[in-house]
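Student: See protein_6.txt below, with compact mmCIF, C-alpha atoms.
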# COMPACT_ATOMS: atom_id res chain seq x y z
CA MET A 300 -109.31 18.63 351.47
CA SER A 301 -111.12 18.09 348.23
CA MET A 302 -111.96 14.63 347.07
CA ILE A 303 -112.04 13.62 343.44
CA ASN A 304 -114.47 10.75 343.17
CA TYR A 305 -113.51 8.90 339.99
CA ALA A 306 -116.11 6.22 340.71
CA SER A 307 -119.11 8.56 340.65
CA ARG A 308 -117.26 11.14 338.48
CA GLU A 309 -117.86 13.90 341.03
CA ILE A 310 -115.84 16.72 342.51
CA ASN A 311 -117.23 18.48 345.56
CA CYS A 312 -115.56 21.59 346.95
CA LYS A 313 -116.28 22.92 350.43
CA ILE A 314 -116.43 26.69 350.89
CA VAL A 315 -116.96 28.11 354.38
CA TYR A 316 -118.30 31.59 355.16
CA TYR A 317 -116.66 32.74 358.41
CA GLY A 318 -116.94 35.94 360.44
CA PRO A 319 -118.43 37.64 363.49
CA GLY A 320 -122.03 37.15 364.62
CA LEU A 321 -124.72 39.07 362.70
CA GLY A 322 -122.22 39.95 359.98
CA GLY A 323 -124.33 38.58 357.11
CA LYS A 324 -122.96 35.08 356.43
CA THR A 325 -126.39 33.44 356.36
CA THR A 326 -127.75 36.35 354.29
CA ASN A 327 -125.08 35.62 351.64
CA LEU A 328 -126.26 32.02 351.35
CA GLU A 329 -129.93 33.00 351.33
CA TYR A 330 -129.30 35.40 348.46
CA VAL A 331 -127.44 32.75 346.46
CA TYR A 332 -130.27 30.30 347.15
CA GLU A 333 -132.89 32.80 345.90
CA LYS A 334 -131.06 33.78 342.75
CA VAL A 335 -129.51 30.66 341.24
CA ALA A 336 -131.70 28.50 339.04
CA PRO A 337 -133.60 25.96 341.21
CA ASN A 338 -132.21 23.05 339.18
CA THR A 339 -128.65 24.06 340.08
CA ARG A 340 -129.02 24.10 343.84
CA GLY A 341 -130.13 21.75 346.58
CA LYS A 342 -132.01 22.47 349.74
CA LEU A 343 -130.78 25.25 352.05
CA ILE A 344 -130.32 23.60 355.41
CA SER A 345 -130.20 25.93 358.42
CA LEU A 346 -129.48 24.68 361.90
CA ALA A 347 -130.58 27.82 363.71
CA THR A 348 -132.01 28.89 367.05
CA GLU A 349 -135.62 30.05 367.46
CA THR A 350 -134.41 33.60 366.92
CA GLU A 351 -132.79 32.60 363.63
CA ARG A 352 -129.24 32.85 364.88
CA THR A 353 -127.05 30.14 363.36
CA LEU A 354 -126.59 27.42 365.95
CA PHE A 355 -124.42 24.96 364.04
CA PHE A 356 -124.27 25.81 360.34
CA ASP A 357 -126.16 26.60 357.14
CA PHE A 358 -125.52 24.42 354.12
CA LEU A 359 -126.26 25.01 350.44
CA PRO A 360 -125.02 22.78 347.60
CA VAL A 361 -124.67 24.52 344.22
CA ASP A 362 -124.23 22.40 341.13
CA LEU A 363 -122.16 23.58 338.17
CA GLY A 364 -123.24 20.62 336.07
CA SER A 365 -121.05 18.10 334.31
CA ILE A 366 -117.75 19.46 333.07
CA ARG A 367 -115.47 17.14 331.08
CA GLY A 368 -117.34 14.20 332.54
CA PHE A 369 -117.06 15.38 336.14
CA LYS A 370 -120.11 16.57 338.03
CA THR A 371 -118.76 19.64 339.81
CA ARG A 372 -120.42 21.00 342.91
CA PHE A 373 -119.74 23.64 345.55
CA HIS A 374 -120.87 22.98 349.10
CA LEU A 375 -121.39 26.33 350.80
CA TYR A 376 -121.35 26.39 354.60
CA THR A 377 -121.64 29.15 357.19
CA VAL A 378 -120.41 28.88 360.77
CA PRO A 379 -122.12 30.33 363.85
CA GLY A 380 -120.48 33.70 364.51
CA GLN A 381 -121.16 34.03 368.20
CA VAL A 382 -118.01 33.68 370.27
CA TYR A 383 -119.20 30.79 372.44
CA TYR A 384 -119.91 28.47 369.48
CA ASN A 385 -116.25 27.86 368.75
CA ALA A 386 -116.47 24.07 368.98
CA SER A 387 -119.05 24.09 366.15
CA ARG A 388 -116.97 26.48 364.05
CA LYS A 389 -113.97 24.22 364.30
CA LEU A 390 -115.96 21.18 363.15
CA ILE A 391 -117.31 22.95 360.08
CA LEU A 392 -113.80 23.87 358.92
CA LYS A 393 -112.89 20.21 358.58
CA GLY A 394 -112.02 19.49 354.96
CA VAL A 395 -112.44 23.11 353.86
CA ASP A 396 -111.27 24.04 350.35
CA GLY A 397 -111.87 27.80 350.49
CA VAL A 398 -112.88 30.46 353.01
CA VAL A 399 -114.84 33.71 352.75
CA PHE A 400 -114.41 36.01 355.73
CA VAL A 401 -117.54 38.18 356.00
CA ALA A 402 -116.58 41.31 357.93
CA ASP A 403 -119.14 43.72 359.38
CA SER A 404 -118.15 47.22 358.20
CA GLN A 405 -119.71 49.06 361.14
CA VAL A 406 -117.18 50.95 363.27
CA ASP A 407 -118.38 49.38 366.51
CA ARG A 408 -117.91 45.86 365.09
CA LEU A 409 -114.20 46.25 364.36
CA ASP A 410 -113.14 44.43 367.53
CA ALA A 411 -115.59 41.60 366.76
CA ASN A 412 -114.09 41.33 363.25
CA LEU A 413 -110.56 41.18 364.63
CA GLU A 414 -111.49 38.58 367.22
CA SER A 415 -113.19 36.42 364.59
CA MET A 416 -110.23 36.71 362.18
CA HIS A 417 -107.86 35.70 364.95
CA ASN A 418 -110.15 32.79 365.81
CA LEU A 419 -110.18 31.70 362.14
CA TYR A 420 -106.37 31.55 362.02
CA GLU A 421 -106.34 29.53 365.26
CA ASN A 422 -108.99 27.08 364.10
CA LEU A 423 -107.40 26.58 360.68
CA ALA A 424 -104.06 25.95 362.37
CA GLN A 425 -105.61 22.96 364.11
CA TYR A 426 -106.05 21.41 360.65
CA GLU A 427 -102.55 22.52 359.68
CA LEU A 428 -103.99 25.13 357.32
CA ASP A 429 -103.00 28.75 356.85
CA PRO A 430 -105.19 31.35 355.08
CA ARG A 431 -102.12 32.38 353.06
CA GLU A 432 -101.95 28.92 351.56
CA ILE A 433 -105.60 28.24 350.81
CA PRO A 434 -108.17 30.06 348.66
CA PHE A 435 -109.26 32.92 350.93
CA VAL A 436 -111.17 36.15 350.26
CA ILE A 437 -112.63 38.88 352.47
CA GLN A 438 -116.03 40.51 352.05
CA TYR A 439 -116.69 43.91 353.64
CA ASN A 440 -120.42 43.72 354.21
CA LYS A 441 -123.06 46.31 355.20
CA ARG A 442 -121.55 49.08 353.09
CA ASP A 443 -124.96 50.80 353.01
CA LEU A 444 -125.08 51.48 356.76
CA PRO A 445 -124.13 54.77 358.44
CA ASN A 446 -121.14 54.81 360.78
CA ILE A 447 -119.00 52.36 358.86
CA SER A 448 -115.23 52.21 358.63
CA SER A 449 -113.67 53.12 355.31
CA VAL A 450 -112.39 50.25 353.17
CA ASP A 451 -108.83 51.54 353.72
CA GLU A 452 -109.31 51.31 357.49
CA LEU A 453 -110.75 47.82 357.22
CA GLN A 454 -107.93 46.75 354.92
CA ALA A 455 -105.33 48.05 357.36
CA SER A 456 -106.90 46.20 360.30
CA LEU A 457 -108.14 42.98 358.75
CA ASN A 458 -106.22 42.47 355.56
CA PRO A 459 -102.53 43.24 355.95
CA GLY A 460 -101.88 40.12 353.85
CA GLY A 461 -103.59 41.74 350.86
CA PHE A 462 -106.19 39.06 350.14
CA SER A 463 -108.80 39.81 347.48
CA ASN A 464 -111.65 41.78 348.98
CA TYR A 465 -115.17 42.67 347.95
CA GLU A 466 -117.56 45.35 349.17
CA ALA A 467 -121.08 44.08 349.75
CA VAL A 468 -124.60 44.79 350.88
CA ALA A 469 -125.71 41.19 351.27
CA THR A 470 -129.33 42.06 352.12
CA ARG A 471 -129.67 43.50 348.60
CA GLY A 472 -127.31 41.02 346.99
CA VAL A 473 -124.64 43.60 346.18
CA GLY A 474 -121.24 41.88 346.02
CA VAL A 475 -122.60 38.46 346.99
CA PHE A 476 -121.90 36.77 343.66
CA ASP A 477 -118.64 38.67 343.11
CA THR A 478 -117.42 37.21 346.39
CA LEU A 479 -118.61 33.72 345.51
CA LYS A 480 -117.02 33.93 342.07
CA GLY A 481 -113.77 35.12 343.61
CA VAL A 482 -113.44 32.29 346.08
CA SER A 483 -114.78 29.54 343.82
CA LYS A 484 -112.35 30.37 341.00
CA ARG A 485 -109.48 30.23 343.46
CA VAL A 486 -110.67 26.86 344.70
CA ILE A 487 -110.83 25.49 341.15
CA LYS A 488 -107.33 26.83 340.40
CA SER A 489 -106.02 25.06 343.47
CA LEU A 490 -107.29 21.76 342.07
CA SER A 491 -105.68 22.03 338.65
CA MET B 76 -105.21 14.03 362.06
CA ALA B 77 -103.37 15.63 359.20
CA GLY B 78 -103.75 13.83 355.93
CA PRO B 79 -103.17 14.38 352.27
CA SER B 80 -104.45 17.74 351.09
CA SER B 81 -106.50 16.03 348.39
CA TRP B 82 -107.37 12.44 347.78
CA SER B 83 -109.14 10.49 345.13
CA PHE B 84 -111.60 7.66 345.21
CA GLN B 85 -110.99 5.26 342.34
CA GLU B 86 -113.40 2.96 340.58
CA SER B 87 -111.50 -0.09 341.85
CA ASP B 88 -111.94 1.18 345.46
CA SER B 89 -115.61 1.71 344.76
CA HIS B 90 -116.09 -1.84 343.43
CA ARG B 91 -114.48 -3.42 346.48
CA ILE B 92 -116.57 -1.39 348.91
CA ASP B 93 -119.73 -1.74 346.87
CA GLU B 94 -119.47 -5.53 346.92
CA LEU B 95 -118.76 -5.60 350.63
CA LEU B 96 -121.72 -3.38 351.45
CA ARG B 97 -124.08 -5.35 349.22
CA ASP B 98 -123.23 -8.50 351.18
CA PHE B 99 -123.73 -6.56 354.39
CA LEU B 100 -127.19 -5.35 353.32
CA ARG B 101 -128.24 -8.85 352.36
CA ASP B 102 -127.03 -10.35 355.66
CA SER B 103 -128.44 -7.62 357.89
CA ASN B 104 -131.73 -6.83 356.08
CA ALA B 105 -130.85 -3.13 356.16
CA ARG B 106 -132.26 -0.98 353.34
CA CYS B 107 -129.39 1.22 352.45
CA ALA B 108 -125.77 1.99 353.37
CA LEU B 109 -124.02 5.28 352.68
CA LEU B 110 -120.37 6.12 353.03
CA VAL B 111 -119.72 9.76 353.93
CA ASP B 112 -116.43 11.52 354.56
CA ARG B 113 -115.79 13.54 357.72
CA SER B 114 -116.04 16.82 355.82
CA GLY B 115 -119.61 16.00 354.78
CA GLN B 116 -119.29 14.60 351.26
CA LEU B 117 -121.15 11.55 350.10
CA ILE B 118 -118.74 8.97 348.69
CA LEU B 119 -121.11 6.19 347.73
CA SER B 120 -124.50 4.75 348.44
CA VAL B 121 -125.54 1.11 348.13
CA GLY B 122 -129.00 -0.48 348.32
CA GLU B 123 -132.35 1.25 347.92
CA PRO B 124 -131.81 4.67 346.35
CA PRO B 125 -132.33 7.35 349.05
CA GLN B 126 -135.55 9.38 348.76
CA PHE B 127 -133.86 12.50 350.15
CA ASP B 128 -131.23 15.02 349.08
CA PRO B 129 -128.04 12.96 349.56
CA ALA B 130 -125.74 16.02 349.70
CA ALA B 131 -127.73 17.55 352.56
CA PHE B 132 -127.97 14.18 354.28
CA ALA B 133 -124.20 13.66 354.09
CA SER B 134 -123.43 17.12 355.50
CA LEU B 135 -125.80 16.55 358.43
CA ALA B 136 -124.53 13.02 359.12
CA ALA B 137 -120.93 14.25 359.26
CA ALA B 138 -121.92 17.14 361.55
CA ASP B 139 -123.88 14.76 363.78
CA PHE B 140 -120.93 12.42 364.07
CA SER B 141 -118.41 15.22 364.67
CA ALA B 142 -120.58 16.86 367.32
CA ASN B 143 -120.91 13.53 369.13
CA ASP B 144 -117.14 13.04 368.94
CA GLN B 145 -116.71 16.30 370.82
CA LEU B 146 -119.34 15.29 373.37
CA ALA B 147 -117.48 12.02 373.89
CA SER B 148 -114.23 13.81 374.64
CA MET B 149 -116.02 16.15 377.07
CA ILE B 150 -117.18 13.20 379.15
CA GLY B 151 -113.74 11.61 379.01
CA GLU B 152 -114.34 9.06 376.25
CA PRO B 153 -111.86 8.90 373.36
CA GLU B 154 -114.77 8.56 370.93
CA PHE B 155 -118.26 7.20 370.34
CA SER B 156 -117.40 4.76 367.60
CA SER B 157 -121.06 4.27 366.70
CA LEU B 158 -124.35 6.13 367.06
CA PHE B 159 -127.92 4.90 366.85
CA HIS B 160 -130.98 7.04 366.05
CA GLN B 161 -134.30 5.29 366.48
CA GLY B 162 -137.39 6.38 364.58
CA GLU B 163 -140.93 5.05 364.56
CA LYS B 164 -140.43 3.22 361.27
CA GLU B 165 -136.97 4.12 360.04
CA SER B 166 -133.79 4.07 362.06
CA MET B 167 -130.17 4.80 361.38
CA TYR B 168 -126.88 3.50 362.67
CA LEU B 169 -123.63 5.39 362.16
CA ALA B 170 -120.17 3.95 362.61
CA ASP B 171 -116.66 5.33 362.32
CA VAL B 172 -114.45 3.94 359.54
CA ALA B 173 -110.70 4.43 360.03
CA LYS B 174 -111.29 7.87 361.60
CA ARG B 175 -111.78 9.17 358.06
CA LEU B 176 -115.22 8.12 356.91
CA ILE B 177 -118.61 7.36 358.40
CA LEU B 178 -120.77 4.39 357.49
CA VAL B 179 -124.46 5.27 357.72
CA VAL B 180 -126.93 2.37 357.68
CA LEU B 181 -130.66 2.97 357.20
CA PHE B 182 -133.02 0.20 358.25
CA ASP B 183 -136.65 -0.42 359.11
CA ASP B 184 -138.52 -3.07 361.11
CA ARG B 185 -137.38 -5.85 358.76
CA ALA B 186 -134.02 -5.65 360.56
CA THR B 187 -133.21 -5.82 364.26
CA LEU B 188 -130.84 -3.50 366.04
CA GLY B 189 -128.91 -6.47 367.46
CA MET B 190 -128.27 -7.90 364.01
CA ILE B 191 -127.32 -4.47 362.61
CA ARG B 192 -124.84 -3.96 365.45
CA VAL B 193 -123.16 -7.32 364.90
CA LYS B 194 -123.01 -7.03 361.13
CA VAL B 195 -121.82 -3.40 361.20
CA LYS B 196 -118.98 -4.34 363.50
CA ALA B 197 -117.83 -6.99 361.04
CA VAL B 198 -118.16 -4.87 357.92
CA VAL B 199 -116.40 -1.91 359.57
CA ARG B 200 -113.38 -4.13 360.28
CA GLU B 201 -113.07 -4.84 356.56
CA LEU B 202 -113.81 -1.25 355.55
CA ASN B 203 -111.10 -0.03 357.94
CA THR B 204 -108.54 -2.09 356.05
CA ILE B 205 -109.65 -0.86 352.62
CA VAL B 206 -109.96 2.79 353.63
CA THR B 207 -106.61 2.78 355.42
CA GLU B 208 -105.03 1.42 352.22
CA ILE B 209 -106.67 4.18 350.15
CA PHE B 210 -105.33 6.92 352.43
CA GLU B 211 -101.90 5.34 352.78
CA LYS B 212 -101.68 5.30 349.01
CA ALA B 213 -102.78 8.95 348.85
CA SER B 214 -100.11 9.90 351.42
CA ALA B 215 -97.42 7.93 349.59
CA ASP B 216 -98.17 9.59 346.24
CA SER B 217 -96.02 12.66 346.05
CA ASP B 218 -98.50 14.30 343.69
CA THR B 219 -101.94 15.03 345.03
CA PRO B 220 -104.60 14.34 342.41
CA HIS B 221 -104.89 17.19 339.97
CA LEU B 222 -107.21 17.84 337.08
CA GLU B 223 -106.17 19.17 333.72
CA ALA B 224 -105.90 22.92 333.28
CA SER B 225 -108.50 22.80 330.50
CA TRP B 226 -111.00 21.38 333.00
CA ALA B 227 -110.35 24.38 335.29
CA ASP B 228 -110.85 26.79 332.36
CA GLU B 229 -114.21 25.24 331.57
CA VAL B 230 -115.28 25.32 335.20
CA GLU B 231 -114.33 28.99 335.41
CA ASP B 232 -116.50 29.73 332.36
CA GLU B 233 -119.35 27.90 334.03
CA ILE B 234 -118.82 29.89 337.25
CA ASP B 235 -119.06 33.11 335.23
CA ARG B 236 -122.22 31.87 333.54
CA LEU B 237 -123.92 30.71 336.73
CA PHE B 238 -122.79 33.41 339.15
CA GLY B 239 -122.03 36.21 336.75
CA SER B 240 -125.32 37.80 335.90
CA TRP B 241 -126.39 39.14 339.28
How would this structure read if it were set down as structure tokens?
Tutor:
Amino acid sequence: MSMINYASREINCKIVYYGPGLGGKTTNLEYVYEKVAPNTRGKLISLATETERTLFFDFLPVDLGSIRGFKTRFHLYTVPGQVYYNASRKLILKGVDGVVFVADSQVDRLDANLESMHNLYENLAQYELDPREIPFVIQYNKRDLPNISSVDELQASLNPGGFSNYEAVATRGVGVFDTLKGVSKRVIKSLS
Amino acid sequence: MAGPSSWSFQESDSHRIDELLRDFLRDSNARCALLVDRSGQLILSVGEPPQFDPAAFASLAAADFSANDQLASMIGEPEFSSLFHQGEKESMYLADVAKRLILVVLFDDRATLGMIRVKVKAVVRELNTIVTEIFEKASADSDTPHLEASWADEVEDEIDRLFGSW
């Protein structure tokens, strides 16, 4: 649910990175934070445990500047991936404008990916949203690791709907901005 | 609650709320009042300009309020309609507005909690009416607010420029 604030001439769009635990959602945001010009981004807020697992969410605002008189900004959020943090995940999806599903390409994480995807559909349904009707992209992360599923296998399991997908190695930044560009352009299209 | 997929906040809405909150700040001696939506966006801020990142503050305030909503339902309460966080010098009071927005009031020792409570209750009653009108209007409009296609083209160029070179 995007809000166009005509009073302050601002448009803020909320993009949520979703996916199984340890899949690389926070790493995506950290890479964006490191690479974009400091004057275009705010503080990276991480509500994490002592062992740096996301407890509630990470948050990073990225500013595109003023376009046709409207200050346009993306608010990037991650959710905690661990199964038992579902209440937090649901809260973060409130008002979402676009979703990135960060899948872990490792063979032994396939079930975790499927469970998380199923959970995403369920949680979006509570807000009367469906991934087929909102800007939604999938990122296949950790493509540099041994023992990974092929992209075809991942597509067959996780992406029968044929959403746009990106291969990534988030720790090195590979595919991080392609994914962000993909989802953010879809969000902007949905507003015009 | 399902609502309109998009909504807009007009200058006329802003003026009404701004005036109301200025009176509230004067009567309560609070320093600053912020209106945040439940998804974590700052809608407006009145009073002393905040000395922090307002976008981060709004996202955390919304998360704080939402988490407490869930805690309320777990203990069998329909909601906690207000929250109070006490600091050594600075404190904050958060209150629900029409189940859509959150009023966040920042105050120091020039104001008392009792006075803040009383004045917030009154201003929230008026805000509820205004905000309900805004959302009813958004629901009644068959067209959700849309921006011109040329705006989208320019934003896409900017996305390519900002995110494209990595």
Student: Please check the contacts: residues of chain A at most 7 Å away from chain B, using all atoms listed in the file, listed as a CSV table (one decimal) with C-alpha atoms, in the coordinates of the input.
Tutor:
chain,number,residue,atom,x,y,z
A,300,MET,CA,-109.3,18.6,351.5
A,301,SER,CA,-111.1,18.1,348.2
A,302,MET,CA,-112.0,14.6,347.1
A,303,ILE,CA,-112.0,13.6,343.4
A,304,ASN,CA,-114.5,10.8,343.2
A,305,TYR,CA,-113.5,8.9,340.0
A,306,ALA,CA,-116.1,6.2,340.7
A,363,LEU,CA,-122.2,23.6,338.2
A,366,ILE,CA,-117.8,19.5,333.1
A,367,ARG,CA,-115.5,17.1,331.1
A,390,LEU,CA,-116.0,21.2,363.2
A,393,LYS,CA,-112.9,20.2,358.6
A,394,GLY,CA,-112.0,19.5,355.0
A,426,TYR,CA,-106.0,21.4,360.6
A,427,GLU,CA,-102.6,22.5,359.7
A,476,PHE,CA,-121.9,36.8,343.7
A,480,LYS,CA,-117.0,33.9,342.1
A,484,LYS,CA,-112.4,30.4,341.0
A,487,ILE,CA,-110.8,25.5,341.2
A,488,LYS,CA,-107.3,26.8,340.4
A,490,LEU,CA,-107.3,21.8,342.1
A,491,SER,CA,-105.7,22.0,338.6
Student: Interatomic distance between CA of Ile437 in chain A and CA of Ala424 in chain A?
Tutor: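 Computing it gives 18.4 Å between the two atoms.
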Student: May I ask for the distance between CA of Phe140 in chain B and CA of Val401 in chain A, given in Å to one decimal place?
Tutor: 27.2 Å
Student: My list of candidates is B:Ser120, B:Ser148, B:Ser166, B:Thr207. Which is closest to Ala133 in chain B when distances are computed with all atoms listed in the file?
Tutor: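 So, comparing all the options, the nearest one is B:Ser120.
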Student: Given all atoms listed in the file as the basis, pick out the residue of A:Leu321, A:Leu479, A:Val468, A:Val361 nearest to Ala336 in chain A.
Tutor: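 When distances to Ala336 in chain A are compared using all atoms listed in the file, the smallest one comes from A:Val361.
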Student: Identify the residues around (-111.4, 31.1, 366.1) within a radius of 12 Å, measuring from all atoms listed in the file in the coordinates stated by the file, and give them as a PyMOL selection string.
Tutor: chain A and resi 317-319+378-392+400+411-425
Student: Near Gly461 in chain A, within 10 Å and counting only C-alpha atoms, which residues show up once chain neighbours fewer than 4 positions away are dropped, as a PyMOL selection string?
Tutor: chain A and resi 431+436-437+454-455+457
Student: When distances are computed from only C-alpha atoms, which of A:Ser456, A:Gln405, A:Thr326, A:Ser463 shows the smallest separation from Arg442 in chain A?
Tutor: A:Gln405
Student: Which protein, DNA or RNA residues are at most 12 Å from (-119.9, 5.6, 357.9) in the file's coordinates when you count all atoms listed in the file, listed as a ChimeraX atom specification?
Tutor: /B:92,96,107-113,115-120,133,136-137,139-141,156-158,167-181,195-196,198-200,202-203,206
Student: Which of these, A:Asp396, A:Asp403, A:Asp362, A:Glu349, has the shortest distance to Gly322 in chain A once you count only C-alpha atoms?
Tutor: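 Using only C-alpha atoms, Gly322 in chain A sits closest to A:Asp403.
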Student: Would you mind completing range 117-139 of chain B so that it carries N, CA and C atoms, and writing it out as an mmCIF file, in the coordinates of the input?
Tutor:
data_model
loop_
_atom_site.group_PDB
_atom_site.id
_atom_site.type_symbol
_atom_site.label_atom_id
_atom_site.label_comp_id
_atom_site.auth_asym_id
_atom_site.auth_seq_id
_atom_site.Cartn_x
_atom_site.Cartn_y
_atom_site.Cartn_z
ATOM 1 N N LEU B 117 -120.711 12.922 350.333
ATOM 2 C CA LEU B 117 -121.150 11.550 350.100
ATOM 3 C C LEU B 117 -120.157 10.865 349.158
ATOM 4 N N ILE B 118 -119.702 9.677 349.539
ATOM 5 C CA ILE B 118 -118.740 8.970 348.690
ATOM 6 C C ILE B 118 -119.454 7.907 347.868
ATOM 7 N N LEU B 119 -120.287 7.115 348.501
ATOM 8 C CA LEU B 119 -121.110 6.190 347.730
ATOM 9 C C LEU B 119 -122.325 5.749 348.530
ATOM 10 N N SER B 120 -123.279 5.220 347.806
ATOM 11 C CA SER B 120 -124.500 4.750 348.440
ATOM 12 C C SER B 120 -124.863 3.419 347.798
ATOM 13 N N VAL B 121 -125.239 2.460 348.618
ATOM 14 C CA VAL B 121 -125.540 1.110 348.130
ATOM 15 C C VAL B 121 -126.913 0.703 348.671
ATOM 16 N N GLY B 122 -127.688 -0.026 347.865
ATOM 17 C CA GLY B 122 -129.000 -0.480 348.320
ATOM 18 C C GLY B 122 -130.108 0.377 347.731
ATOM 19 N N GLU B 123 -131.216 0.470 348.436
ATOM 20 C CA GLU B 123 -132.350 1.250 347.920
ATOM 21 C C GLU B 123 -131.921 2.698 347.733
ATOM 22 N N PRO B 124 -132.221 3.282 346.570
ATOM 23 C CA PRO B 124 -131.810 4.670 346.350
ATOM 24 C C PRO B 124 -132.494 5.583 347.380
ATOM 25 N N PRO B 125 -131.740 6.482 348.037
ATOM 26 C CA PRO B 125 -132.330 7.350 349.050
ATOM 27 C C PRO B 125 -133.409 8.268 348.451
ATOM 28 N N GLN B 126 -134.463 8.508 349.221
ATOM 29 C CA GLN B 126 -135.550 9.380 348.760
ATOM 30 C C GLN B 126 -135.366 10.812 349.276
ATOM 31 N N PHE B 127 -134.126 11.167 349.614
ATOM 32 C CA PHE B 127 -133.860 12.500 350.150
ATOM 33 C C PHE B 127 -132.669 13.094 349.406
ATOM 34 N N ASP B 128 -132.371 14.361 349.715
ATOM 35 C CA ASP B 128 -131.230 15.020 349.080
ATOM 36 C C ASP B 128 -129.945 14.447 349.704
ATOM 37 N N PRO B 129 -129.196 13.630 348.948
ATOM 38 C CA PRO B 129 -128.040 12.960 349.560
ATOM 39 C C PRO B 129 -126.945 13.919 350.002
ATOM 40 N N ALA B 130 -126.796 15.061 349.307
ATOM 41 C CA ALA B 130 -125.740 16.020 349.700
ATOM 42 C C ALA B 130 -126.059 16.603 351.067
ATOM 43 N N ALA B 131 -127.325 16.986 351.266
ATOM 44 C CA ALA B 131 -127.730 17.550 352.560
ATOM 45 C C ALA B 131 -127.609 16.483 353.646
ATOM 46 N N PHE B 132 -128.023 15.278 353.306
ATOM 47 C CA PHE B 132 -127.970 14.180 354.280
ATOM 48 C C PHE B 132 -126.520 13.937 354.725
ATOM 49 N N ALA B 133 -125.604 13.926 353.756
ATOM 50 C CA ALA B 133 -124.200 13.660 354.090
ATOM 51 C C ALA B 133 -123.631 14.757 354.979
ATOM 52 N N SER B 134 -123.975 16.022 354.692
ATOM 53 C CA SER B 134 -123.430 17.120 355.500
ATOM 54 C C SER B 134 -123.952 17.028 356.939
ATOM 55 N N LEU B 135 -125.217 16.656 357.085
ATOM 56 C CA LEU B 135 -125.800 16.550 358.430
ATOM 57 C C LEU B 135 -125.252 15.333 359.180
ATOM 58 N N ALA B 136 -125.062 14.228 358.466
ATOM 59 C CA ALA B 136 -124.530 13.020 359.120
ATOM 60 C C ALA B 136 -123.119 13.277 359.642
ATOM 61 N N ALA B 137 -122.304 13.962 358.827
ATOM 62 C CA ALA B 137 -120.930 14.250 359.260
ATOM 63 C C ALA B 137 -120.942 15.192 360.466
ATOM 64 N N ALA B 138 -121.837 16.191 360.431
ATOM 65 C CA ALA B 138 -121.920 17.140 361.550
ATOM 66 C C ALA B 138 -122.391 16.426 362.816
ATOM 67 N N ASP B 139 -123.359 15.542 362.655
ATOM 68 C CA ASP B 139 -123.880 14.760 363.780
ATOM 69 C C ASP B 139 -122.748 13.950 364.413
#
